[in-house]
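Engineer: The structure that follows is given in the form of structure tokens.
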Amino acid sequence: MMKFEPELLRFENGTPITEPGQWPARREELLEILRREVYGYSPAAPDKVTCEVLNRQENFCSGQMSMERISVGFETDHGFFSFPVHLFIPHQEQPVPVFVLLNFRPDIFDQYYPLEEIVDNGFALAVIHYNDVTADTDDWNSGLAGMYSREKYNWGKIGMWAFAASRVLDYLLTRPEIDPSNAAVIGHSRLGKTALWCAAQDERFRFGISNNSGSGGAAYNRAKVPGNERICDCIPYKVPFWYCSGYPEWGDKIEEMPFDQHFLLAAIAPRYVCVGSAAEDLWAGPVQEQASCLGASPAWEFLGLPGYVGKTEPAAVGDDFSEGHIGYHLRDGVHFLSRRDWVSYMNFVKTHMAK
Ligand code: GCU
């Protein structure tokens, strides 16, 4: 069994964690380490969010759902800010579970979500186009970035997109059609990193789901092999702005880092996290993503809950471990948020939904 560093069940000052009652304090410490070293600080949630319905179709697709284009807004340090969201809700009597998807494109019927299949499975879907929140560049004036001081929060774009997903949840929780106990946040790649960071901080999400999130997401840094993205790659790939300003400095000090990505998954305990990898996605690192699941598992086990229940050796294509609070699957193919990934995530949520 691999040993994961830093140790999850030991406070930063070296004191071992022996009682389940100490978990909330340790979780808070994990979040603080991740804010300080990786993603930066998030502003306090606004007192309220408002919503304007820009457009609504009661019977969308074959009539099985409503479709709304809404604008979610709130007060920030520098005034009012709003961004648009697409919201699809199945016509059902009972409140439904919801996926909040952070996506790359504003289009509906986008390749990253099989809309009808999701809705036909009884889920609502809220889709955020990440550039509507803030540009995926180092422009610190764009959208939400301009609404809070970068100096004060030292947050990166991942933190901002995550903050926006929480504001969408603020609004969704006011809708009677949405089941407040069964909300999931999901994203692919850089937005998979974002979904994990959002779920880690926001306990109202029962599920955090990351697809092919890789470095800065689910991938455990200390187990990286040639071909995997490393922390130092965020400089040549020109994306240090996803993180706090100090993060790239860890690139040549991996063994000294006071964190690794199993901390990110563990900060979701005792709730649910699901990680999906693609076999040909060496850059993200399927083995390294699975490793974080193994490394985070003691947090749940220590609380008396099943954590990661699956193979300890590298997963084979087709493996889908959904029994514990940490789900993991490996599908064949390349970097993509596929319909087959959604089938696995929907199954995970259905298995572990609050009934
Ligand atoms: C790049 C980057 C990854 C990221 C991916 C994406 O490949 O190196 O960290 O996950 O882009 O978001 O598509």
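Identifiers for the structure tokens are assigned positionally: chains receive A, B, ... in sequence, residues are indexed from 1 per chain, and ligands are indexed from 1 in the order shown.
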Can you list every residue in range 84-172 of chain A that DSSP puts in alpha helix (DSSP H), as a PyMOL selection string?

Structural biologist: chain A and resi 115-120+130-133+150-153+157-172

Engineer: If you take only C-alpha atoms and all ligand atoms and a cut-off of 12 Å, which residues of chain A touch ligand 1, and what are their nearest atom pairs and distances in Å to one decimal, in chain and number order, as a tab-separated table?

Structural biologist:
```
residue	atom	partner	partner_atom_place_in_ligand_line	distance
A:Leu102	CA	ligand 1	12 (O)	11.4
A:Asn103	CA	ligand 1	12 (O)	10.3
A:Phe104	CA	ligand 1	12 (O)	8.9
A:Tyr130	CA	ligand 1	12 (O)	11.4
A:Asp136	CA	ligand 1	12 (O)	10.0
A:Lys157	CA	ligand 1	12 (O)	11.9
A:Ile158	CA	ligand 1	12 (O)	10.6
A:Gly187	CA	ligand 1	12 (O)	9.6
A:His188	CA	ligand 1	12 (O)	6.9
A:Ser189	CA	ligand 1	10 (O)	3.7
A:Arg190	CA	ligand 1	12 (O)	3.6
A:Leu191	CA	ligand 1	12 (O)	6.4
A:Gly192	CA	ligand 1	10 (O)	7.5
A:Lys193	CA	ligand 1	10 (O)	7.4
A:Thr194	CA	ligand 1	12 (O)	9.9
A:Ala195	CA	ligand 1	10 (O)	11.9
A:Ser210	CA	ligand 1	10 (O)	10.5
A:Asn211	CA	ligand 1	10 (O)	9.4
A:Asn212	CA	ligand 1	10 (O)	7.1
A:Ser213	CA	ligand 1	10 (O)	5.4
A:Gly214	CA	ligand 1	10 (O)	5.8
A:Ser215	CA	ligand 1	9 (O)	5.4
A:Gly216	CA	ligand 1	9 (O)	6.9
A:Gly217	CA	ligand 1	10 (O)	7.9
A:Ala218	CA	ligand 1	10 (O)	10.3
A:Ala219	CA	ligand 1	9 (O)	10.0
A:Gly227	CA	ligand 1	8 (O)	11.3
A:Asn228	CA	ligand 1	8 (O)	9.3
A:Glu229	CA	ligand 1	8 (O)	6.2
A:Arg230	CA	ligand 1	8 (O)	8.5
A:Ile231	CA	ligand 1	9 (O)	9.0
A:Cys232	CA	ligand 1	8 (O)	10.3
A:Asp233	CA	ligand 1	8 (O)	7.1
A:Cys234	CA	ligand 1	8 (O)	6.6
A:Ile235	CA	ligand 1	8 (O)	9.8
A:Pro236	CA	ligand 1	8 (O)	9.5
A:Tyr237	CA	ligand 1	8 (O)	6.5
A:Lys238	CA	ligand 1	8 (O)	9.0
A:Val239	CA	ligand 1	2 (C)	7.7
A:Pro240	CA	ligand 1	9 (O)	10.2
A:Phe241	CA	ligand 1	9 (O)	11.8
A:Trp242	CA	ligand 1	9 (O)	9.4
A:Tyr243	CA	ligand 1	9 (O)	11.2
A:Ser277	CA	ligand 1	10 (O)	11.8
A:Asp281	CA	ligand 1	7 (O)	9.8
A:Leu282	CA	ligand 1	7 (O)	10.4
A:Trp283	CA	ligand 1	7 (O)	7.0
A:Ala284	CA	ligand 1	10 (O)	6.8
A:Gly285	CA	ligand 1	9 (O)	10.4
A:Val334	CA	ligand 1	13 (O)	11.7
A:His335	CA	ligand 1	13 (O)	8.1
A:Phe336	CA	ligand 1	13 (O)	8.8
A:Leu337	CA	ligand 1	13 (O)	10.5
```

Engineer: Need to verify the contact set: Pro270 in chain A, 9 Å, only C-alpha atoms, exclusion of same-chain residues closer than 3 positions in sequence. Can you return it as a PyMOL selection string?

Structural biologist: chain A and resi 266-267+299-300+303+305+307+325

Engineer: Compile the contact shell of Val53 in chain A as a VMD selection string: residues with an atom at most 8 Å away, counting only C-alpha atoms, same-chain residues fewer than 5 positions apart removed.

Structural biologist: chain A and resid 68 to 71

Engineer: When you draw a straight line from CA of Tyr153 in chain A to CA of Ala183 in chain A, how long is it in Å?

Structural biologist: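 That distance, rounded to one decimal, is 26.8 Å.
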
Engineer: Tell me, counting only C-alpha atoms, for each residue of range 189-273 of chain A within 12 Å of range 87-98 of chain A, which pair of atoms is nearest and how far apart they are in Å to one decimal, in rows ordered by chain and increasing number, as a tab-separated table.

Structural biologist:
```
residue	atom	partner	partner_atom	distance
A:Phe205	CA	A:Val98	CA	9.8
A:Arg206	CA	A:Pro97	CA	10.2
A:Phe207	CA	A:Val98	CA	10.1
A:Gly208	CA	A:Val98	CA	11.9
```

Engineer: With a distance cut-off of 12 Å and only C-alpha atoms, select the neighbouring residues of Glu5 in chain A, excluding the residue or stretch itself and same-chain residues fewer than 2 positions from it, and output the selection as a list in words.

Structural biologist: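 With the cut-off at 12 Å, the set is Met2, Lys3, Glu7, Leu8, Leu9, Arg10, Glu12, Tyr220, Asn221, Arg222, Ala223, Ile254, Glu255, Glu256, Met257, Pro258, Phe259, Asp260, Gln261, His262, Phe263, Ala291, Ser292, Leu294, Gly295 and Ala296 of chain A.
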
Engineer: Can you pull out every residue within 9 Å of Ser344 in chain A, counting only C-alpha atoms, but drop anything in the same chain fewer than 2 positions away, and send it as an MDAnalysis selection string?

Structural biologist: chainID A and resid 276 320 322 329 339:342 346:349

Engineer: Compare A:Leu330, A:Met147, A:Leu31, A:Met65 by their minimum atom-to-atom distance to Ala269 in chain A, counting only C-alpha atoms, and give me the closest one.

Structural biologist: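 Under the stated criterion, the closest residue is A:Leu31.
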
Engineer: Determine the nearest neighbour of Glu52 in chain A from the options A:Val72, A:Val100, A:Ile33, A:Val309, counting only C-alpha atoms.

Structural biologist: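 Distance minimum relative to Glu52 in chain A lands on A:Val72.
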
Engineer: Looking at A:Ser297, A:Gly79, A:Lys224, A:Tyr328, which one is nearest to Ile209 in chain A, with distances taken over only C-alpha atoms?

Structural biologist: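 For Ile209 in chain A, the nearest of the given residues is A:Tyr328.
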
Engineer: Using only C-alpha atoms, which of A:Tyr272, A:Tyr345, A:Tyr247, A:Phe163 sits nearest Cys198 in chain A?

Structural biologist: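 Selected residue with least distance to Cys198 in chain A: A:Phe163.
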
Engineer: Taking 3 positions as the minimum chain separation for residues in the same chain, which residues sit within 12 Å of Cys61 in chain A when counting only C-alpha atoms? Answer as a PyMOL selection string.

Structural biologist: chain A and resi 57-58+64-67+88-91+108-109+115-117+119-120

Engineer: Just write the chosen residues, all heavy atoms, as a tab-separated table (two decimals), in the first residue's frame.

Structural biologist:
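The result, stored in again_6.tsv:
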```tsv
chain	number	residue	atom	x	y	z
A	57	GLN	N	-38.81	28.73	-21.72
A	57	GLN	CA	-39.67	27.87	-22.55
A	57	GLN	C	-40.19	26.77	-21.66
A	57	GLN	O	-39.41	26.00	-21.11
A	57	GLN	CB	-38.89	27.27	-23.71
A	57	GLN	CG	-38.52	28.30	-24.76
A	57	GLN	CD	-37.86	27.66	-25.97
A	57	GLN	OE1	-38.29	26.61	-26.43
A	57	GLN	NE2	-36.82	28.29	-26.46
A	58	GLU	N	-41.50	26.72	-21.53
A	58	GLU	CA	-42.12	25.77	-20.61
A	58	GLU	C	-41.94	24.32	-21.09
A	58	GLU	O	-41.65	23.43	-20.31
A	58	GLU	CB	-43.62	26.11	-20.48
A	58	GLU	CG	-44.41	25.24	-19.54
A	58	GLU	CD	-43.87	25.20	-18.12
A	58	GLU	OE1	-43.26	26.19	-17.67
A	58	GLU	OE2	-44.04	24.15	-17.47
A	64	GLN	N	-40.52	17.50	-22.18
A	64	GLN	CA	-40.31	16.85	-20.88
A	64	GLN	C	-39.61	17.76	-19.86
A	64	GLN	O	-39.41	17.36	-18.73
A	64	GLN	CB	-39.53	15.53	-21.04
A	64	GLN	CG	-38.03	15.61	-21.30
A	64	GLN	CD	-37.63	15.71	-22.76
A	64	GLN	OE1	-38.19	16.54	-23.49
A	64	GLN	NE2	-36.68	14.91	-23.19
A	65	MET	N	-39.23	18.95	-20.30
A	65	MET	CA	-38.50	19.85	-19.38
A	65	MET	C	-38.81	21.30	-19.70
A	65	MET	O	-39.25	21.62	-20.80
A	65	MET	CB	-36.99	19.62	-19.54
A	65	MET	CG	-36.45	20.07	-20.89
A	65	MET	SD	-34.68	19.80	-21.09
A	65	MET	CE	-34.66	18.21	-21.90
A	66	SER	N	-38.53	22.16	-18.71
A	66	SER	CA	-38.53	23.60	-18.99
A	66	SER	C	-37.09	24.02	-19.24
A	66	SER	O	-36.15	23.36	-18.79
A	66	SER	CB	-39.11	24.38	-17.81
A	66	SER	OG	-38.31	24.17	-16.67
A	67	MET	N	-36.93	25.09	-19.99
A	67	MET	CA	-35.61	25.66	-20.22
A	67	MET	C	-35.68	27.14	-19.88
A	67	MET	O	-36.59	27.83	-20.33
A	67	MET	CB	-35.20	25.48	-21.68
A	67	MET	CG	-33.78	25.91	-21.98
A	67	MET	SD	-33.53	27.68	-22.16
A	67	MET	CE	-34.00	27.90	-23.86
A	88	PHE	N	-32.27	23.76	-16.89
A	88	PHE	CA	-33.20	22.77	-17.46
A	88	PHE	C	-33.79	21.97	-16.31
A	88	PHE	O	-33.05	21.40	-15.51
A	88	PHE	CB	-32.45	21.83	-18.41
A	88	PHE	CG	-31.64	22.54	-19.46
A	88	PHE	CD1	-30.29	22.83	-19.26
A	88	PHE	CD2	-32.23	22.94	-20.66
A	88	PHE	CE1	-29.54	23.50	-20.22
A	88	PHE	CE2	-31.48	23.61	-21.63
A	88	PHE	CZ	-30.13	23.89	-21.41
A	89	ILE	N	-35.11	21.93	-16.23
A	89	ILE	CA	-35.75	21.21	-15.11
A	89	ILE	C	-36.79	20.25	-15.67
A	89	ILE	O	-37.69	20.66	-16.42
A	89	ILE	CB	-36.42	22.20	-14.13
A	89	ILE	CG1	-35.40	23.22	-13.60
A	89	ILE	CG2	-37.07	21.45	-12.96
A	89	ILE	CD1	-35.95	24.21	-12.60
A	90	PRO	N	-36.67	18.96	-15.31
A	90	PRO	CA	-37.67	18.00	-15.81
A	90	PRO	C	-39.05	18.31	-15.23
A	90	PRO	O	-39.16	18.80	-14.09
A	90	PRO	CB	-37.17	16.64	-15.30
A	90	PRO	CG	-36.15	16.91	-14.27
A	90	PRO	CD	-35.65	18.32	-14.45
A	91	HIS	N	-40.08	18.04	-16.00
A	91	HIS	CA	-41.43	18.19	-15.47
A	91	HIS	C	-41.70	17.00	-14.55
A	91	HIS	O	-41.93	15.89	-15.03
A	91	HIS	CB	-42.46	18.22	-16.61
A	91	HIS	CG	-42.37	19.45	-17.45
A	91	HIS	ND1	-42.29	20.72	-16.92
A	91	HIS	CD2	-42.36	19.62	-18.80
A	91	HIS	CE1	-42.24	21.62	-17.89
A	91	HIS	NE2	-42.26	20.97	-19.05
A	108	ILE	N	-26.25	25.52	-25.99
A	108	ILE	CA	-27.01	24.40	-25.44
A	108	ILE	C	-26.88	23.24	-26.42
A	108	ILE	O	-26.48	23.42	-27.57
A	108	ILE	CB	-28.47	24.77	-25.11
A	108	ILE	CG1	-29.15	25.46	-26.26
A	108	ILE	CG2	-28.52	25.66	-23.90
A	108	ILE	CD1	-30.59	25.82	-25.93
A	109	PHE	N	-27.14	22.05	-25.94
A	109	PHE	CA	-26.83	20.81	-26.67
A	109	PHE	C	-25.34	20.73	-26.97
A	109	PHE	O	-24.91	20.30	-28.04
A	109	PHE	CB	-27.64	20.70	-27.97
A	109	PHE	CG	-29.13	20.80	-27.75
A	109	PHE	CD1	-29.86	21.87	-28.25
A	109	PHE	CD2	-29.80	19.84	-27.02
A	109	PHE	CE1	-31.21	21.97	-28.04
A	109	PHE	CE2	-31.15	19.92	-26.80
A	109	PHE	CZ	-31.86	21.00	-27.32
A	115	LEU	N	-28.05	16.42	-22.86
A	115	LEU	CA	-29.13	17.07	-22.13
A	115	LEU	C	-30.35	16.19	-21.90
A	115	LEU	O	-30.80	16.02	-20.75
A	115	LEU	CB	-29.54	18.36	-22.87
A	115	LEU	CG	-30.76	19.08	-22.30
A	115	LEU	CD1	-30.51	19.52	-20.86
A	115	LEU	CD2	-31.11	20.28	-23.17
A	116	GLU	N	-30.88	15.62	-22.97
A	116	GLU	CA	-32.12	14.85	-22.79
A	116	GLU	C	-31.90	13.63	-21.90
A	116	GLU	O	-32.76	13.28	-21.09
A	116	GLU	CB	-32.68	14.42	-24.14
A	116	GLU	CG	-33.34	15.57	-24.87
A	116	GLU	CD	-34.24	15.06	-25.97
A	116	GLU	OE1	-35.40	14.72	-25.67
A	116	GLU	OE2	-33.77	14.98	-27.12
A	117	GLU	N	-30.74	13.01	-22.05
A	117	GLU	CA	-30.48	11.82	-21.24
A	117	GLU	C	-30.39	12.18	-19.75
A	117	GLU	O	-30.86	11.45	-18.88
A	117	GLU	CB	-29.18	11.16	-21.72
A	117	GLU	CG	-28.97	9.81	-21.10
A	117	GLU	CD	-27.90	9.01	-21.82
A	117	GLU	OE1	-27.45	9.40	-22.91
A	117	GLU	OE2	-27.49	7.98	-21.24
A	119	VAL	N	-31.85	14.78	-18.25
A	119	VAL	CA	-33.20	15.15	-17.78
A	119	VAL	C	-34.10	13.91	-17.71
A	119	VAL	O	-34.86	13.73	-16.75
A	119	VAL	CB	-33.79	16.25	-18.69
A	119	VAL	CG1	-35.27	16.46	-18.40
A	119	VAL	CG2	-33.02	17.56	-18.49
A	120	ASP	N	-33.99	13.02	-18.71
A	120	ASP	CA	-34.82	11.80	-18.70
A	120	ASP	C	-34.46	10.90	-17.52
A	120	ASP	O	-35.27	10.06	-17.12
A	120	ASP	CB	-34.69	11.03	-20.03
A	120	ASP	CG	-35.34	11.78	-21.19
A	120	ASP	OD1	-36.11	12.74	-20.92
A	120	ASP	OD2	-35.08	11.43	-22.36
```

Engineer: Could you jot down the CA of Thr76 in chain A to CA of Asp139 in chain A separation for me, Å, one decimal place?

Structural biologist: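 Distance reported for this atom pair: 18.0 Å.
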
Engineer: Which is closer to Cys274 in chain A than all the others in A:Asp170, A:Asp252, A:Glu323, A:Asp202, using only C-alpha atoms?

Structural biologist: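 Of the candidates, the smallest distance to Cys274 in chain A is held by A:Glu323.
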
Engineer: If you run DSSP on the backbone here, which positions in range 170-313 of chain A get strand (DSSP E)? Please write them as a PyMOL selection string.

Structural biologist: chain A and resi 178-188+207-211+272-278

Engineer: Which residue, A:Tyr113, A:Phe302, A:Tyr39, A:Phe60, has the smallest gap to Val343 in chain A when you use only C-alpha atoms?

Structural biologist: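 For Val343 in chain A, the nearest of the candidates is A:Tyr113.
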
Engineer: One decimal, in Å: what's the spacing between CA of Gly40 in chain A and CA of Trp197 in chain A?

Structural biologist: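 Spanning CA of Gly40 in chain A to CA of Trp197 in chain A is a straight-line distance of 10.7 Å.
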